[in-house]
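Asks: Provided below: final-v1.cif, containing mmCIF, C-alpha atoms and all ligand atoms.
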```cif
data_my_file
#
loop_
_atom_site.label_atom_id
_atom_site.label_comp_id
_atom_site.auth_asym_id
_atom_site.auth_seq_id
_atom_site.Cartn_x
_atom_site.Cartn_y
_atom_site.Cartn_z
CA MET A 572 -5.69 18.73 15.34
CA ASN A 573 -4.29 22.01 16.65
CA ILE A 574 -0.75 22.84 17.78
CA THR A 575 -1.57 22.26 21.46
CA MET A 576 -2.79 18.75 20.68
CA LEU A 577 0.15 18.16 18.37
CA LYS A 578 2.48 19.13 21.21
CA LYS A 579 0.70 16.79 23.63
CA LEU A 580 0.80 13.85 21.24
CA SER A 581 4.12 14.35 19.48
CA TYR A 582 6.57 16.24 21.66
CA ASP A 583 8.10 13.32 23.55
CA GLU A 584 8.44 11.30 20.36
CA VAL A 585 9.99 14.04 18.25
CA ALA A 586 12.35 14.92 21.11
CA LYS A 587 13.89 11.43 20.70
CA CYS A 588 15.42 12.56 17.39
CA ASN A 589 19.06 13.33 18.15
CA LYS A 590 19.72 14.68 14.63
CA CYS A 591 22.31 11.97 13.91
CA GLY A 592 21.25 11.66 10.27
CA PHE A 593 21.53 7.85 10.05
CA CYS A 594 18.09 7.88 8.42
CA LEU A 595 19.08 10.09 5.48
CA PRO A 596 20.38 7.39 3.08
CA SER A 597 17.23 5.33 3.71
CA CYS A 598 14.73 8.02 2.76
CA PRO A 599 13.86 7.79 -0.95
CA ILE A 600 12.56 11.37 -1.01
CA TYR A 601 15.79 12.69 0.48
CA LEU A 602 17.83 10.68 -2.03
CA VAL A 603 15.92 12.36 -4.86
CA GLU A 604 15.53 15.87 -3.43
CA LYS A 605 18.85 16.13 -1.50
CA LYS A 606 17.29 18.73 0.80
CA GLU A 607 17.15 18.66 4.59
CA SER A 608 13.44 19.59 4.53
CA ALA A 609 12.83 16.40 2.50
CA ALA A 610 14.67 14.19 4.99
CA PRO A 611 13.25 12.44 8.07
CA ARG A 612 15.62 14.46 10.26
CA GLY A 613 14.51 17.72 8.64
CA ARG A 614 10.84 16.83 8.94
CA ASN A 615 11.34 16.02 12.61
CA ALA A 616 13.09 19.36 13.09
CA ILE A 617 10.10 21.07 11.45
CA THR A 618 7.66 19.24 13.73
CA ARG A 619 9.67 20.22 16.79
CA ALA A 620 9.98 23.84 15.72
CA ILE A 621 6.21 24.05 15.12
CA ILE A 622 5.50 22.56 18.54
CA GLU A 623 7.97 24.93 20.23
CA GLY A 624 6.45 27.93 18.46
CA ARG A 625 9.61 28.72 16.48
CA LEU A 626 7.98 28.01 13.12
CA GLU A 627 4.50 28.64 11.75
CA LEU A 628 2.62 26.27 9.51
CA SER A 629 3.01 27.55 5.96
CA PRO A 630 3.01 26.45 2.31
CA GLU A 631 6.69 25.54 2.88
CA THR A 632 5.93 23.21 5.80
CA GLU A 633 3.06 21.83 3.69
CA LYS A 634 5.52 20.90 0.93
CA SER A 635 7.77 19.05 3.34
CA ILE A 636 5.03 17.30 5.32
CA PHE A 637 3.11 16.13 2.25
CA SER A 638 6.15 14.81 0.36
CA CYS A 639 6.67 11.83 2.69
CA LEU A 640 5.86 8.42 1.24
CA GLY A 641 4.84 6.99 4.61
CA CYS A 642 7.20 4.15 3.79
CA GLY A 643 8.63 3.82 7.31
CA ALA A 644 12.19 3.14 6.10
CA CYS A 645 13.59 5.86 8.36
CA LYS A 646 12.46 4.15 11.57
CA GLN A 647 14.17 0.89 10.61
CA VAL A 648 17.62 2.43 10.76
CA CYS A 649 16.98 4.88 13.59
CA LEU A 650 18.71 3.88 16.82
CA SER A 651 16.11 5.87 18.78
CA SER A 652 13.27 4.23 16.79
CA VAL A 653 11.67 7.61 16.18
CA GLU A 654 8.17 7.15 14.72
CA THR A 655 8.81 9.72 12.02
CA LYS A 656 6.03 8.51 9.73
CA GLU A 657 3.46 8.72 12.53
CA LEU A 658 4.70 12.20 13.44
CA ILE A 659 4.39 13.34 9.84
CA PHE A 660 0.87 11.94 9.45
CA ARG A 661 -0.11 13.78 12.65
CA ASP A 662 1.43 16.95 11.22
CA ARG A 663 -0.74 16.44 8.16
CA LYS A 664 -3.87 16.56 10.32
CA CYS A 665 -2.60 19.82 11.78
CA GLN A 666 -1.88 21.25 8.31
CA VAL A 667 -5.41 20.26 7.20
CA SER A 668 -6.98 21.98 10.21
CA GLN A 669 -5.21 25.20 9.12
CA GLY A 670 -6.27 24.81 5.47
CA LEU A 671 -2.65 24.26 4.37
CA TYR A 672 -2.73 21.05 2.38
CA PRO A 673 -2.78 19.89 -1.27
CA LYS A 674 -6.32 20.68 -2.37
CA ILE A 675 -6.46 17.69 -4.70
CA ALA A 676 -7.15 15.73 -1.52
CA ASP A 677 -10.54 17.47 -1.26
CA ARG A 678 -11.56 15.94 -4.58
CA VAL A 679 -10.61 12.44 -3.48
CA ALA A 680 -12.38 12.93 -0.14
CA ALA A 681 -15.52 14.09 -1.99
CA PHE A 682 -15.37 11.08 -4.35
CA ILE A 683 -15.12 8.75 -1.35
CA GLU A 684 -18.02 10.47 0.38
CA GLU A 685 -20.28 10.52 -2.68
CA GLU A 686 -19.33 7.35 -4.58
CA HIS A 687 -17.42 5.43 -1.88
CA ASN A 688 -14.37 5.04 -4.13
CA ILE A 689 -11.31 7.13 -5.05
CA THR A 690 -12.03 7.39 -8.78
CA ASP A 691 -15.56 8.90 -8.84
CA ASP A 692 -16.82 5.91 -10.80
CA ASP A 693 -20.29 4.57 -10.17
CA ASN A 694 -19.58 2.20 -7.29
CA GLU A 695 -21.97 -0.33 -8.78
CA GLU A 696 -19.23 -0.93 -11.38
CA ARG A 697 -16.76 -2.19 -8.76
CA GLY A 698 -17.19 -5.77 -9.89
CA GLU A 699 -16.85 -4.98 -13.60
CA TRP A 700 -13.46 -6.75 -13.77
CA GLN A 701 -15.42 -10.03 -13.64
CA GLU A 702 -16.31 -9.39 -17.29
CA LEU A 703 -12.63 -10.00 -18.11
CA ILE A 704 -13.06 -13.67 -17.21
CA ARG A 705 -14.27 -15.46 -20.30
CA GLY A 706 -17.40 -17.55 -19.82
CA LEU A 707 -18.08 -16.33 -16.27
CA PRO A 708 -21.79 -15.71 -15.68
CA ASP A 709 -22.73 -12.10 -14.82
CA ARG A 710 -21.58 -11.06 -11.32
CA ALA A 711 -20.81 -14.70 -10.51
CA PHE A 712 -18.56 -13.80 -7.57
CA GLU A 713 -21.16 -11.59 -5.86
CA LYS A 714 -22.80 -14.15 -3.60
CA SER A 715 -25.15 -13.62 -0.68
CA HIS A 716 -23.28 -16.12 1.51
CA ALA A 717 -19.66 -17.33 1.57
CA GLU A 718 -16.90 -18.43 3.92
CA VAL A 719 -14.43 -15.86 2.64
CA VAL A 720 -14.85 -12.30 1.39
CA PHE A 721 -12.33 -11.08 -1.16
CA PHE A 722 -11.97 -7.32 -0.52
CA VAL A 723 -10.70 -6.02 -3.86
CA GLY A 724 -9.95 -2.34 -3.09
CA CYS A 725 -10.49 0.77 -5.23
CA VAL A 726 -7.35 0.64 -7.38
CA ALA A 727 -7.68 -3.00 -8.48
CA SER A 728 -11.42 -2.53 -9.04
CA PHE A 729 -11.25 0.53 -11.26
CA PHE A 730 -7.74 0.94 -12.78
CA PRO A 731 -7.51 -1.21 -15.91
CA MET A 732 -3.78 -1.87 -15.37
CA ALA A 733 -4.52 -3.45 -11.98
CA GLN A 734 -7.74 -5.33 -12.79
CA LYS A 735 -5.82 -8.48 -13.65
CA ILE A 736 -5.02 -8.80 -9.94
CA PRO A 737 -8.61 -9.65 -8.87
CA VAL A 738 -9.00 -11.71 -12.05
CA ASN A 739 -5.97 -13.84 -11.11
CA MET A 740 -6.80 -13.99 -7.39
CA SER A 741 -10.25 -15.33 -8.19
CA ARG A 742 -8.74 -17.85 -10.63
CA ILE A 743 -6.54 -19.08 -7.79
CA MET A 744 -9.43 -19.31 -5.33
CA GLN A 745 -11.64 -21.06 -7.89
CA ARG A 746 -8.91 -23.64 -8.56
CA ALA A 747 -8.50 -24.21 -4.81
CA GLU A 748 -12.30 -24.47 -4.44
CA VAL A 749 -12.47 -21.65 -1.90
CA ASP A 750 -16.04 -20.60 -1.10
CA PHE A 751 -15.58 -16.86 -1.63
CA SER A 752 -17.58 -13.78 -2.52
CA ILE A 753 -16.82 -10.18 -3.40
CA LEU A 754 -18.98 -7.34 -2.11
CA GLY A 755 -19.36 -5.69 -5.54
CA GLY A 756 -21.07 -2.28 -5.25
CA GLU A 757 -21.37 -2.80 -1.51
CA GLU A 758 -17.59 -2.67 -1.06
CA TRP A 759 -16.62 0.87 -0.04
CA CYS A 760 -13.15 2.42 0.04
CA CYS A 761 -11.36 1.17 3.17
CA GLY A 762 -10.43 4.77 4.07
CA PHE A 763 -6.65 4.46 3.71
CA PRO A 764 -6.27 7.40 1.27
CA LEU A 765 -7.92 9.67 3.86
CA ILE A 766 -5.27 8.76 6.44
CA GLY A 767 -2.50 9.79 4.04
CA ALA A 768 -4.40 12.99 3.26
CA GLY A 769 -4.48 13.98 6.94
CA MET A 770 -8.26 13.54 7.03
CA PRO A 771 -8.82 10.33 9.02
CA ASP A 772 -11.96 11.82 10.59
CA LYS A 773 -13.68 11.47 7.22
CA MET A 774 -13.31 7.68 7.46
CA HIS A 775 -16.38 7.70 9.64
CA GLY A 776 -18.98 5.31 8.24
CA LEU A 777 -16.63 3.43 5.88
CA LYS A 778 -15.38 0.98 8.52
CA GLU A 779 -18.83 0.24 9.91
CA HIS A 780 -20.29 -0.28 6.43
CA ASN A 781 -17.58 -2.67 5.25
CA LEU A 782 -17.60 -4.67 8.47
CA ASN A 783 -21.40 -5.00 8.36
CA LYS A 784 -21.35 -6.19 4.77
CA VAL A 785 -18.77 -8.87 5.57
CA LYS A 786 -20.91 -10.00 8.49
CA GLU A 787 -24.02 -10.11 6.29
CA VAL A 788 -22.22 -12.51 3.95
CA GLY A 789 -21.42 -14.64 6.99
CA ALA A 790 -17.71 -14.75 6.17
CA LYS A 791 -15.19 -15.75 8.81
CA ALA A 792 -12.24 -14.45 6.82
CA VAL A 793 -11.39 -11.54 4.52
CA VAL A 794 -8.59 -11.72 1.98
CA PHE A 795 -6.95 -8.62 0.48
CA THR A 796 -4.69 -8.26 -2.56
CA CYS A 797 -4.10 -4.62 -1.54
CA PRO A 798 -1.57 -4.26 1.33
CA SER A 799 -2.98 -0.84 2.26
CA CYS A 800 -6.55 -2.18 2.65
CA TYR A 801 -5.10 -5.10 4.63
CA HIS A 802 -3.08 -2.73 6.82
CA THR A 803 -6.08 -0.44 7.41
CA TRP A 804 -8.39 -3.30 8.34
CA LYS A 805 -5.77 -4.86 10.57
CA HIS A 806 -4.94 -1.71 12.50
CA LEU A 807 -8.08 0.43 12.38
CA TYR A 808 -11.07 -1.86 11.91
CA GLU A 809 -12.42 -3.76 14.87
CA ALA A 810 -12.66 -7.00 12.91
CA ASN A 811 -12.40 -9.13 16.11
CA ASP A 812 -13.57 -12.63 15.15
CA ILE A 813 -12.90 -12.22 11.42
CA LYS A 814 -9.52 -13.49 10.18
CA LEU A 815 -7.66 -11.12 7.88
CA TYR A 816 -5.21 -12.34 5.26
CA HIS A 817 -3.11 -10.67 2.64
CA SER A 818 -3.30 -12.66 -0.59
CA SER A 819 0.32 -13.85 -0.13
CA GLN A 820 -0.57 -15.35 3.27
CA PHE A 821 -3.76 -16.87 1.91
CA ILE A 822 -2.02 -18.42 -1.10
CA HIS A 823 0.76 -19.73 1.12
CA GLN A 824 -1.87 -21.50 3.22
CA LEU A 825 -3.49 -22.97 0.08
CA ILE A 826 -0.07 -24.32 -0.97
CA LYS A 827 0.53 -25.84 2.47
CA ASP A 828 -2.92 -27.48 2.33
CA GLU A 829 -2.02 -28.83 -1.15
CA ARG A 830 -5.03 -27.13 -2.68
CA ILE A 831 -2.92 -25.68 -5.49
CA ARG A 832 0.07 -27.20 -7.26
CA PHE A 833 2.51 -25.74 -9.74
CA ASN A 834 4.06 -26.57 -13.06
CA GLU A 835 7.77 -25.94 -13.48
CA LYS A 836 8.69 -22.33 -14.33
CA LYS A 837 12.36 -21.89 -15.14
CA MET A 838 12.95 -18.21 -14.49
CA THR A 839 14.77 -15.72 -12.29
CA VAL A 840 12.67 -13.19 -10.44
CA THR A 841 13.27 -10.56 -7.84
CA TYR A 842 10.73 -9.55 -5.22
CA HIS A 843 9.84 -6.01 -4.18
CA ASP A 844 8.48 -5.75 -0.61
CA PRO A 845 5.52 -3.31 -0.62
CA CYS A 846 5.87 -0.89 2.33
CA ASP A 847 2.35 -1.47 3.67
CA LEU A 848 2.82 -5.24 3.51
CA GLY A 849 6.40 -5.52 4.76
CA ARG A 850 7.51 -2.77 7.12
CA ASN A 851 4.04 -1.50 7.97
CA SER A 852 2.33 -4.92 8.47
CA GLY A 853 5.26 -7.27 9.12
CA VAL A 854 4.58 -9.68 6.21
CA TYR A 855 7.94 -10.48 4.62
CA GLU A 856 8.27 -14.22 4.27
CA GLU A 857 4.95 -15.52 2.91
CA PRO A 858 5.38 -13.95 -0.56
CA ARG A 859 8.85 -15.51 -0.69
CA TYR A 860 7.54 -18.93 0.42
CA VAL A 861 4.98 -18.74 -2.40
CA LEU A 862 7.65 -17.88 -4.99
CA GLN A 863 9.93 -20.62 -3.71
CA ALA A 864 7.10 -23.16 -4.00
CA ILE A 865 7.17 -22.78 -7.80
CA PRO A 866 9.57 -25.43 -9.15
CA GLY A 867 12.38 -24.06 -11.30
CA LEU A 868 11.96 -20.46 -10.09
CA THR A 869 15.06 -18.73 -8.72
CA LEU A 870 14.55 -15.78 -6.40
CA ILE A 871 17.25 -13.11 -6.47
CA GLU A 872 16.92 -10.65 -3.61
CA LEU A 873 17.09 -6.91 -4.23
CA PRO A 874 20.01 -5.16 -2.51
CA HIS A 875 17.42 -3.46 -0.27
CA ASN A 876 14.98 -6.12 0.87
CA ARG A 877 12.58 -6.89 3.72
CA GLN A 878 12.87 -4.21 6.47
CA LEU A 879 15.26 -2.20 4.30
CA SER A 880 13.19 -2.32 1.11
CA MET A 881 13.01 0.95 -0.81
CA CYS A 882 9.54 2.31 -1.60
CA CYS A 883 8.41 2.24 -5.25
CA GLY A 884 7.32 5.89 -5.02
CA GLY A 885 3.63 5.07 -4.81
CA GLY A 886 3.06 5.62 -1.08
CA GLY A 887 1.78 8.44 1.13
CA ASN A 888 -0.41 10.05 -1.57
CA VAL A 889 2.81 11.46 -3.14
CA GLU A 890 1.82 10.15 -6.57
CA MET A 891 -1.36 12.23 -6.32
CA VAL A 892 0.29 15.36 -4.91
CA ASN A 893 3.60 15.35 -6.80
CA PRO A 894 3.66 12.77 -9.62
CA GLU A 895 7.12 13.89 -10.83
CA LEU A 896 8.66 13.20 -7.43
CA SER A 897 6.92 9.83 -7.27
CA ALA A 898 8.27 8.98 -10.75
CA LYS A 899 11.85 9.83 -9.71
CA VAL A 900 11.60 7.44 -6.78
CA ALA A 901 10.16 4.79 -9.12
CA GLN A 902 13.21 5.27 -11.36
CA MET A 903 15.55 4.53 -8.43
CA LYS A 904 13.53 1.39 -7.77
CA ILE A 905 13.78 0.32 -11.40
CA ASP A 906 17.55 0.89 -11.39
CA GLU A 907 17.82 -1.33 -8.32
CA ILE A 908 15.65 -4.03 -9.93
CA LYS A 909 17.77 -3.93 -13.09
CA SER A 910 20.94 -4.36 -11.02
CA THR A 911 19.80 -7.86 -10.02
CA GLY A 912 19.69 -9.13 -13.61
CA ALA A 913 16.38 -10.90 -12.84
CA GLU A 914 13.97 -11.53 -15.73
CA MET A 915 11.05 -10.13 -13.81
CA VAL A 916 10.10 -8.17 -10.71
CA VAL A 917 7.23 -9.51 -8.66
CA SER A 918 5.38 -7.53 -6.03
CA ALA A 919 2.21 -8.07 -4.04
CA CYS A 920 0.53 -4.69 -4.34
CA GLN A 921 -1.48 -3.03 -7.11
CA GLN A 922 0.06 0.37 -6.39
CA CYS A 923 3.64 -0.94 -6.68
CA LEU A 924 2.67 -2.64 -9.94
CA ARG A 925 1.23 0.60 -11.32
CA THR A 926 4.03 2.86 -10.14
CA ILE A 927 6.89 0.67 -11.41
CA ALA A 928 5.23 -0.44 -14.66
CA THR A 929 4.08 3.09 -15.54
CA ARG A 930 7.57 4.55 -15.08
CA ALA A 931 9.14 1.71 -17.09
CA ARG A 932 6.65 2.21 -19.93
CA LYS A 933 7.11 6.00 -20.03
CA GLN A 934 10.90 5.66 -20.07
CA LYS A 935 10.73 2.78 -22.57
CA ILE A 936 12.56 0.50 -20.13
CA ASP A 937 12.27 -3.18 -20.89
CA LEU A 938 10.96 -4.55 -17.59
CA VAL A 939 8.44 -7.27 -16.74
CA VAL A 940 6.43 -6.36 -13.64
CA LYS A 941 3.94 -8.83 -12.19
CA ASP A 942 1.79 -9.15 -9.13
CA LEU A 943 2.33 -12.35 -7.16
CA THR A 944 -1.23 -13.44 -8.06
CA GLU A 945 -0.42 -13.31 -11.78
CA LEU A 946 2.68 -15.43 -11.44
CA VAL A 947 0.86 -17.96 -9.24
CA ALA A 948 -2.14 -18.16 -11.60
CA ASP A 949 0.21 -18.67 -14.58
CA ALA A 950 2.20 -21.39 -12.82
CA MET A 951 -0.80 -23.28 -11.41
CA GLN A 952 -1.48 -26.77 -12.67
S1 LIG A 1001 15.08 10.19 12.97
FE1 LIG A 1001 16.47 8.80 14.05
S2 LIG A 1001 18.08 8.34 12.53
FE2 LIG A 1001 17.00 10.17 11.81
S3 LIG A 1001 18.17 11.92 12.60
FE3 LIG A 1001 16.54 11.47 14.10
S4 LIG A 1001 17.48 10.07 15.59
FE4 LIG A 1001 18.80 10.08 13.78
S1 LIG A 1002 8.51 7.51 5.96
FE1 LIG A 1002 9.80 7.16 4.13
S2 LIG A 1002 9.57 9.00 2.86
FE2 LIG A 1002 8.78 9.49 4.93
S3 LIG A 1002 10.55 10.41 5.98
FE3 LIG A 1002 10.57 8.22 6.48
S4 LIG A 1002 11.92 7.28 4.89
FE4 LIG A 1002 11.34 9.35 4.16
#
```
Spit out the file's structure as structure tokens when you get a sec.

Replies:
Amino acid sequence: MNITMLKKLSYDEVAKCNKCGFCLPSCPIYLVEKKESAAPRGRNAITRAIIEGRLELSPETEKSIFSCLGCGACKQVCLSSVETKELIFRDRKCQVSQGLYPKIADRVAAFIEEEHNITDDDNEERGEWQELIRGLPDRAFEKSHAEVVFFVGCVASFFPMAQKIPVNMSRIMQRAEVDFSILGGEEWCCGFPLIGAGMPDKMHGLKEHNLNKVKEVGAKAVVFTCPSCYHTWKHLYEANDIKLYHSSQFIHQLIKDERIRFNEKKMTVTYHDPCDLGRNSGVYEEPRYVLQAIPGLTLIELPHNRQLSMCCGGGGNVEMVNPELSAKVAQMKIDEIKSTGAEMVVSACQQCLRTIATRARKQKIDLVVKDLTELVADAMQ
């Protein structure tokens, strides 16, 4: 992407920004950094100045453009509905074409190209989390044919803290007698981290591979516990006749079909809307329906919920590029969670779980953080 293309694609959109500043209190990065260059309005001003030739791409513009969480909160409060996140992600492509980007992204891109995952692990070990299920025969969920494919995602496959998510999701599907399979070593990264890195061109091959593998299994549906994989498949894969579900939607359907039932759980929980599930994919209510289906459970909403939810700090590759900044946003999230007085925060995303739980552990904050799948599996009869 060069400046001429950026101008063609972005000028009309960025020109909609009237500099009112309504978006400032909604931007978690601005709330932490308190700098105009870290605000949606400031980033839009940078984009416009670059397009109009008043500003050159530089390490300074790189800092601003790559510190956005991609959370989309700014658009929700913007009366002109400026697509600031989209503008910033386009700017990232431009920064990459000029060699001005966080070089750590090259490592992740190389891992994805060579091993098809973000961690540089042997991709054959993707299904290793199955060993956490006592008594399960080796690779029991890697079947040659199934009605549903469970697409696990890189983080939940390889990060020990998140591996309980696929463990619990498969417990739920086993209990509901869902005919499902995972792709094991044949599941490749969905490509989402490359979008955040400003390198979407490198996604080439990932989409086709994953779609072909799902078709080989003969599945008519794919279920995701990762909102970013779900979002990427939904918006960038041509899945056509394959139904795509986030785990919260899938579990909600299982409850409606009376394929799972719950024991009473007397507790108060609050729910954190993951950005890629809520704002970026429009799934707000299903996770709440699932929570409300558990007898005895009381849901206390966060002050910022649904469209106005505040990012956990784990989005937009910021954790990779600037972990301190990500941690400061996570602290704001924890403070908000604590203000509810709930016994537990539940989310529906492995990255939210990691970001919030890691910050709480490092700061020695007493906080129970669970993925929706864990709570459901625990409450199941
Ligand atoms: S992005 Fe929207 S809310 Fe923010 S300054 Fe521009 S017009 Fe105002
Ligand atoms: S997408 Fe989120 S982090 Fe990025 S400018 Fe908008 S509110 Fe700020």

Asks: Using all atoms listed in the file, can you tell me which of A:Glu713, A:Phe722, A:Ser728, A:Thr869 comes closest to Ser752 in chain A?

Replies: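 Under the stated criterion, the closest residue is A:Glu713.
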
Asks: By how many Å are CA of Lys664 in chain A and CA of Gly624 in chain A apart?

Replies: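 The value is 17.4 Å.
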
Asks: Just give me the gap between CA of Thr796 in chain A and CA of Ser910 in chain A in Å, one decimal is fine.

Replies: 27.3 Å

Asks: Between A:Gly762, A:Pro611, A:Pro596, A:Pro894, which one has atoms that come closest to His806 in chain A, using all atoms listed in the file?

Replies: A:Gly762

Asks: Any residue with an atom at most 9 Å from ligand LIG 1002 (chain A) counts, using only C-alpha atoms and all ligand atoms. Which are they? Put them as a PyMOL selection string.

Replies: chain A and resi 594-601+609-615+636+638-647+654-657+659+881-882+884+886-887

Asks: Using all atoms listed in the file, collect all residues at a distance of at most 6 Å from (-22.8, -2.9, 1.0) as written in the file, then present them as a ChimeraX atom specification.

Replies: /A:757-758,784

Asks: With C-alpha atoms retained, export the selected residues as a PDB file, in the coordinates of the input.

Replies:
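Generated file (again_27.pdb):
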```pdb
ATOM      1  CA  GLU A 757     -21.370  -2.800  -1.510  1.00  0.00           C
ATOM      2  CA  GLU A 758     -17.590  -2.670  -1.060  1.00  0.00           C
ATOM      3  CA  LYS A 784     -21.350  -6.190   4.770  1.00  0.00           C
TER       4      LYS A 784
END
```

Asks: From the list A:Arg625, A:Leu807, A:Leu754, A:Gly769, which residue is nearest Gln669 in chain A when using only C-alpha atoms?

Replies: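 Of A:Arg625, A:Leu807, A:Leu754, A:Gly769, the one nearest Gln669 in chain A, counting only C-alpha atoms, is A:Gly769.
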
Asks: Looking at all atoms listed in the file, which of A:Lys941, A:Lys605, A:His817, A:His780 is the one that sits closest to Asp847 in chain A?

Replies: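 Result for the nearest residue to Asp847 in chain A: A:His817.
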
Asks: Name all residues at most 12 Å from Lys791 in chain A (count all atoms listed in the file; drop same-chain ones fewer than 5 positions away) and give them as a ChimeraX atom specification.

Replies: /A:716-721,750-752,782,785-786,810-816

Asks: Selection from above, C-alpha atoms, as a PDB file, keeping the file's coordinate frame, can you write it?

Replies:
```
ATOM      1  CA  HIS A 716     -23.280 -16.120   1.510  1.00  0.00           C
ATOM      2  CA  ALA A 717     -19.660 -17.330   1.570  1.00  0.00           C
ATOM      3  CA  GLU A 718     -16.900 -18.430   3.920  1.00  0.00           C
ATOM      4  CA  VAL A 719     -14.430 -15.860   2.640  1.00  0.00           C
ATOM      5  CA  VAL A 720     -14.850 -12.300   1.390  1.00  0.00           C
ATOM      6  CA  PHE A 721     -12.330 -11.080  -1.160  1.00  0.00           C
ATOM      7  CA  ASP A 750     -16.040 -20.600  -1.100  1.00  0.00           C
ATOM      8  CA  PHE A 751     -15.580 -16.860  -1.630  1.00  0.00           C
ATOM      9  CA  SER A 752     -17.580 -13.780  -2.520  1.00  0.00           C
ATOM     10  CA  LEU A 782     -17.600  -4.670   8.470  1.00  0.00           C
ATOM     11  CA  VAL A 785     -18.770  -8.870   5.570  1.00  0.00           C
ATOM     12  CA  LYS A 786     -20.910 -10.000   8.490  1.00  0.00           C
ATOM     13  CA  ALA A 810     -12.660  -7.000  12.910  1.00  0.00           C
ATOM     14  CA  ASN A 811     -12.400  -9.130  16.110  1.00  0.00           C
ATOM     15  CA  ASP A 812     -13.570 -12.630  15.150  1.00  0.00           C
ATOM     16  CA  ILE A 813     -12.900 -12.220  11.420  1.00  0.00           C
ATOM     17  CA  LYS A 814      -9.520 -13.490  10.180  1.00  0.00           C
ATOM     18  CA  LEU A 815      -7.660 -11.120   7.880  1.00  0.00           C
ATOM     19  CA  TYR A 816      -5.210 -12.340   5.260  1.00  0.00           C
TER      20      TYR A 816
END
```

Asks: Hey, which of A:Glu631, A:Asp906, A:Ala727, A:Gln863 ends up closest to Ser608 in chain A? Count only C-alpha atoms.

Replies: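 Answer, going by the shortest atom-to-atom distance: A:Glu631.
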
Asks: Give as a compact mmCIF listing (two decimals) with C-alpha atoms, keeping the file's coordinate frame the residues surrounding ligand LIG 1001 (chain A) up to a distance of 6 Å, considering all atoms listed in the file.

Replies:
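Contents of result.txt, freshly written:
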```txt
# COMPACT_ATOMS: atom_id res chain seq x y z
CA CYS A 588 15.42 12.56 17.39
CA ASN A 589 19.06 13.33 18.15
CA LYS A 590 19.72 14.68 14.63
CA CYS A 591 22.31 11.97 13.91
CA GLY A 592 21.25 11.66 10.27
CA PHE A 593 21.53 7.85 10.05
CA CYS A 594 18.09 7.88 8.42
CA PRO A 611 13.25 12.44 8.07
CA ARG A 612 15.62 14.46 10.26
CA CYS A 649 16.98 4.88 13.59
CA SER A 651 16.11 5.87 18.78
CA VAL A 653 11.67 7.61 16.18
```

Asks: Name the closest residue to Arg710 in chain A among the candidates A:His775, A:Gly755, A:Arg746, A:Phe682; distances are taken between atoms, counting all atoms listed in the file.

Replies: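 Comparing A:His775, A:Gly755, A:Arg746, A:Phe682 against Arg710 in chain A, the winner is A:Gly755.
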
Asks: Could you tell me how far CA of Phe637 in chain A lies from CA of Tyr672 in chain A, in Å and to one decimal?

Replies: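 Here the two named atoms are 7.6 Å from each other.
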
Asks: Write out as a Markdown table a residue-level contact list of range 755-823 of chain A versus range 683-696 of chain A with cut-off 7 Å: for each qualifying residue the closest pair of atoms and the distance in Å to one decimal, counting all atoms listed in the file, rows sorted by chain and residue number upward.

Replies:
```
| residue | atom | partner | partner_atom | distance |
| --- | --- | --- | --- | --- |
| A:Gly755 | CA | A:Glu695 | CA | 6.8 |
| A:Gly756 | CA | A:Glu695 | CA | 4.1 |
| A:Trp759 | CA | A:His687 | CA | 5.0 |
| A:Cys760 | CA | A:Asn688 | CA | 5.1 |
```

Asks: Hey, can I get the axis-aligned box for range 736-744 of chain A? All listed atoms, 8 Å padding on each side, centre and edge lengths in Å to one decimal, as AutoDock Vina command-line options.

Replies:
```
--center_x -7.6 --center_y -14.1 --center_z -8.7 --size_x 21.2 --size_y 26.5 --size_z 22.7
```

Asks: With 12 Å as the threshold, what does the neighbourhood of (0.5, -16.1, -15.3) contain in terms of residues, counting all atoms listed in the file? Coordinates are those of the file; answer as a PDB file with C-alpha atoms, in the coordinates of the input.

Replies:
```
ATOM      1  CA  LYS A 735      -5.820  -8.480 -13.650  1.00  0.00           C
ATOM      2  CA  ILE A 736      -5.020  -8.800  -9.940  1.00  0.00           C
ATOM      3  CA  VAL A 738      -9.000 -11.710 -12.050  1.00  0.00           C
ATOM      4  CA  ASN A 739      -5.970 -13.840 -11.110  1.00  0.00           C
ATOM      5  CA  MET A 740      -6.800 -13.990  -7.390  1.00  0.00           C
ATOM      6  CA  ARG A 742      -8.740 -17.850 -10.630  1.00  0.00           C
ATOM      7  CA  ILE A 743      -6.540 -19.080  -7.790  1.00  0.00           C
ATOM      8  CA  PHE A 833       2.510 -25.740  -9.740  1.00  0.00           C
ATOM      9  CA  ASN A 834       4.060 -26.570 -13.060  1.00  0.00           C
ATOM     10  CA  LYS A 836       8.690 -22.330 -14.330  1.00  0.00           C
ATOM     11  CA  VAL A 917       7.230  -9.510  -8.660  1.00  0.00           C
ATOM     12  CA  VAL A 939       8.440  -7.270 -16.740  1.00  0.00           C
ATOM     13  CA  VAL A 940       6.430  -6.360 -13.640  1.00  0.00           C
ATOM     14  CA  LYS A 941       3.940  -8.830 -12.190  1.00  0.00           C
ATOM     15  CA  ASP A 942       1.790  -9.150  -9.130  1.00  0.00           C
ATOM     16  CA  LEU A 943       2.330 -12.350  -7.160  1.00  0.00           C
ATOM     17  CA  THR A 944      -1.230 -13.440  -8.060  1.00  0.00           C
ATOM     18  CA  GLU A 945      -0.420 -13.310 -11.780  1.00  0.00           C
ATOM     19  CA  LEU A 946       2.680 -15.430 -11.440  1.00  0.00           C
ATOM     20  CA  VAL A 947       0.860 -17.960  -9.240  1.00  0.00           C
ATOM     21  CA  ALA A 948      -2.140 -18.160 -11.600  1.00  0.00           C
ATOM     22  CA  ASP A 949       0.210 -18.670 -14.580  1.00  0.00           C
ATOM     23  CA  ALA A 950       2.200 -21.390 -12.820  1.00  0.00           C
ATOM     24  CA  MET A 951      -0.800 -23.280 -11.410  1.00  0.00           C
ATOM     25  CA  GLN A 952      -1.480 -26.770 -12.670  1.00  0.00           C
TER      26      GLN A 952
END
```
